[in-house]
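> Please see the structure below; I have some questions.
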Amino acid sequence: MSTAPKMKIAIGADHAGFEYKELLKSFLADYEVKDFGTHSTQSVDYPDFAHPVALAVESQEYTFGILVCGSANGVAITANKHQHIRAAICWLNEIAALARVHNNANVLCIPARFVSEELAKEMTSTFLNTEFEGGRHELRVNKMSC
């Protein structure tokens, strides 16, 4: 039995992403996951959930964040307002891998209306288990901050 601490994941969604968020929470049973809401399919404002997830990652209390909304655009735009957040909208598994390898993304943004549940799980696994390549990519990532 491993005594290594579990990776900490912050997760949040708006009403359009609620069901995928719940699915991903179960899928991430081997991780320490904090749910920043929402807690139903009742209409809500995505910044109310994207900001707390981004803050949790920015403060380094959580290793990664996962945000889900209909298109993923709103949560990505909101999360990327935070200085040390690199939120990536992913709709293919290869994009999730490249977001980590080339961009050192730390928040995965999933467009629930445009990907299957299986693809959402696959992208999440890839995102969490892919290392940043560094090197020439690190120089580029370091230029992102304002």
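We label chains A, B, ... in the order they appear in the structure tokens, count residues from 1 in each chain, and number ligands from 1 in the order shown.
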Might you pull out every residue within 7 Å of stretch 89-101 of chain A, with only C-alpha atoms counted and same-chain residues fewer than 2 positions away left off, and present them as a list in words?

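My list of contacting residues is Ala72, Ala76, Ala87, Asn103, Asn104, Ala105, Leu108, Cys109, Ile110, Pro111, Val115, Glu122, Met123, Thr126, Phe127, Thr130, Glu131, Phe132 and Glu133 of chain A.
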
> If you keep N, CA and C atoms, can you produce a file of those selected residues as a PDB file, in the first residue's frame?


ATOM      1  N   ALA A  72     -17.040  25.514 -22.385  1.00  0.00           N
ATOM      2  CA  ALA A  72     -15.761  25.651 -21.672  1.00  0.00           C
ATOM      3  C   ALA A  72     -15.142  27.026 -21.871  1.00  0.00           C
ATOM      4  N   ALA A  76     -12.907  29.014 -18.907  1.00  0.00           N
ATOM      5  CA  ALA A  76     -11.498  29.203 -19.275  1.00  0.00           C
ATOM      6  C   ALA A  76     -11.127  30.684 -19.236  1.00  0.00           C
ATOM      7  N   ALA A  87      -5.358  27.824 -18.032  1.00  0.00           N
ATOM      8  CA  ALA A  87      -6.554  27.004 -18.241  1.00  0.00           C
ATOM      9  C   ALA A  87      -6.697  26.702 -19.729  1.00  0.00           C
ATOM     10  N   ASN A 103       2.241  23.499 -22.697  1.00  0.00           N
ATOM     11  CA  ASN A 103       1.785  24.729 -22.042  1.00  0.00           C
ATOM     12  C   ASN A 103       1.784  24.671 -20.525  1.00  0.00           C
ATOM     13  N   ASN A 104       2.114  23.517 -19.967  1.00  0.00           N
ATOM     14  CA  ASN A 104       2.073  23.328 -18.513  1.00  0.00           C
ATOM     15  C   ASN A 104       0.736  23.802 -17.946  1.00  0.00           C
ATOM     16  N   ALA A 105      -0.340  23.502 -18.668  1.00  0.00           N
ATOM     17  CA  ALA A 105      -1.675  23.890 -18.214  1.00  0.00           C
ATOM     18  C   ALA A 105      -1.943  23.271 -16.848  1.00  0.00           C
ATOM     19  N   LEU A 108      -7.904  22.139 -16.482  1.00  0.00           N
ATOM     20  CA  LEU A 108      -8.542  21.506 -17.636  1.00  0.00           C
ATOM     21  C   LEU A 108      -9.967  22.031 -17.739  1.00  0.00           C
ATOM     22  N   CYS A 109     -10.332  22.560 -18.909  1.00  0.00           N
ATOM     23  CA  CYS A 109     -11.681  23.069 -19.141  1.00  0.00           C
ATOM     24  C   CYS A 109     -12.365  22.185 -20.178  1.00  0.00           C
ATOM     25  N   ILE A 110     -13.470  21.602 -19.774  1.00  0.00           N
ATOM     26  CA  ILE A 110     -14.166  20.619 -20.597  1.00  0.00           C
ATOM     27  C   ILE A 110     -15.499  21.178 -21.087  1.00  0.00           C
ATOM     28  N   PRO A 111     -15.742  21.133 -22.406  1.00  0.00           N
ATOM     29  CA  PRO A 111     -17.016  21.586 -22.967  1.00  0.00           C
ATOM     30  C   PRO A 111     -18.049  20.454 -22.963  1.00  0.00           C
ATOM     31  N   VAL A 115     -18.445  17.047 -25.926  1.00  0.00           N
ATOM     32  CA  VAL A 115     -17.648  15.824 -25.787  1.00  0.00           C
ATOM     33  C   VAL A 115     -18.480  14.768 -25.064  1.00  0.00           C
ATOM     34  N   GLU A 122     -11.380  10.325 -20.333  1.00  0.00           N
ATOM     35  CA  GLU A 122     -10.081  10.061 -20.965  1.00  0.00           C
ATOM     36  C   GLU A 122      -9.196  11.310 -20.930  1.00  0.00           C
ATOM     37  N   MET A 123      -9.757  12.457 -21.271  1.00  0.00           N
ATOM     38  CA  MET A 123      -8.984  13.706 -21.244  1.00  0.00           C
ATOM     39  C   MET A 123      -8.528  14.044 -19.830  1.00  0.00           C
ATOM     40  N   THR A 126      -5.605  11.774 -18.954  1.00  0.00           N
ATOM     41  CA  THR A 126      -4.421  12.216 -19.704  1.00  0.00           C
ATOM     42  C   THR A 126      -3.858  13.492 -19.102  1.00  0.00           C
ATOM     43  N   PHE A 127      -4.710  14.459 -18.842  1.00  0.00           N
ATOM     44  CA  PHE A 127      -4.281  15.746 -18.304  1.00  0.00           C
ATOM     45  C   PHE A 127      -3.554  15.568 -16.971  1.00  0.00           C
ATOM     46  N   THR A 130       0.026  13.510 -17.409  1.00  0.00           N
ATOM     47  CA  THR A 130       1.006  13.920 -18.409  1.00  0.00           C
ATOM     48  C   THR A 130       1.904  14.999 -17.810  1.00  0.00           C
ATOM     49  N   GLU A 131       3.201  14.803 -17.959  1.00  0.00           N
ATOM     50  CA  GLU A 131       4.174  15.745 -17.415  1.00  0.00           C
ATOM     51  C   GLU A 131       4.468  16.865 -18.408  1.00  0.00           C
ATOM     52  N   PHE A 132       4.789  18.029 -17.877  1.00  0.00           N
ATOM     53  CA  PHE A 132       5.243  19.167 -18.674  1.00  0.00           C
ATOM     54  C   PHE A 132       6.638  18.847 -19.209  1.00  0.00           C
ATOM     55  N   GLU A 133       6.855  19.115 -20.486  1.00  0.00           N
ATOM     56  CA  GLU A 133       8.127  18.799 -21.136  1.00  0.00           C
ATOM     57  C   GLU A 133       9.236  19.773 -20.764  1.00  0.00           C
TER      58      GLU A 133
END

> Could you pull out the residues in chain A that DSSP calls alpha helix (DSSP H) from the backbone, as a PyMOL selection string?

chain A and resi 18-27+47-58+73-79+93-103+117-129+136-142

> Quick one: residues within 9 Å of A:Lys21, only C-alpha atoms counted, chain neighbours fewer than 5 positions away excluded, as a PyMOL selection string?

chain A and resi 11-13+26+35+37-38+66-68

> When DSSP is applied to the backbone of this structure, which of chain A are assigned strand (DSSP E)? Write them out as a list of chain:residue names.

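DSSP-assigned strand (DSSP E) residues in chain A: A:Lys8, A:Ile9, A:Ala10, A:Ile11, A:Gly12, A:Ala13, A:Glu32, A:Val33, A:Lys34, A:Asp35, A:Phe64, A:Gly65, A:Ile66, A:Leu67, A:Val68, A:Cys69, A:Ala87, A:Ala88, A:Ile89, A:Val107, A:Leu108, A:Cys109, A:Ile110, A:Pro111.
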
> Mind giving me the straight-line distance from atom CA of A:Gly134 to atom CA of A:His102 in Å, one decimal?

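Taking atom CA of A:Gly134 and atom CA of A:His102, their separation equals 7.4 Å.
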
> Compare A:Pro52, A:Gly65, A:Pro47, A:Gly74 by their minimum atom-to-atom distance to A:Ile9, counting only C-alpha atoms, and give me the closest one.

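Ranking A:Pro52, A:Gly65, A:Pro47, A:Gly74 by distance to A:Ile9, first place goes to A:Gly65.
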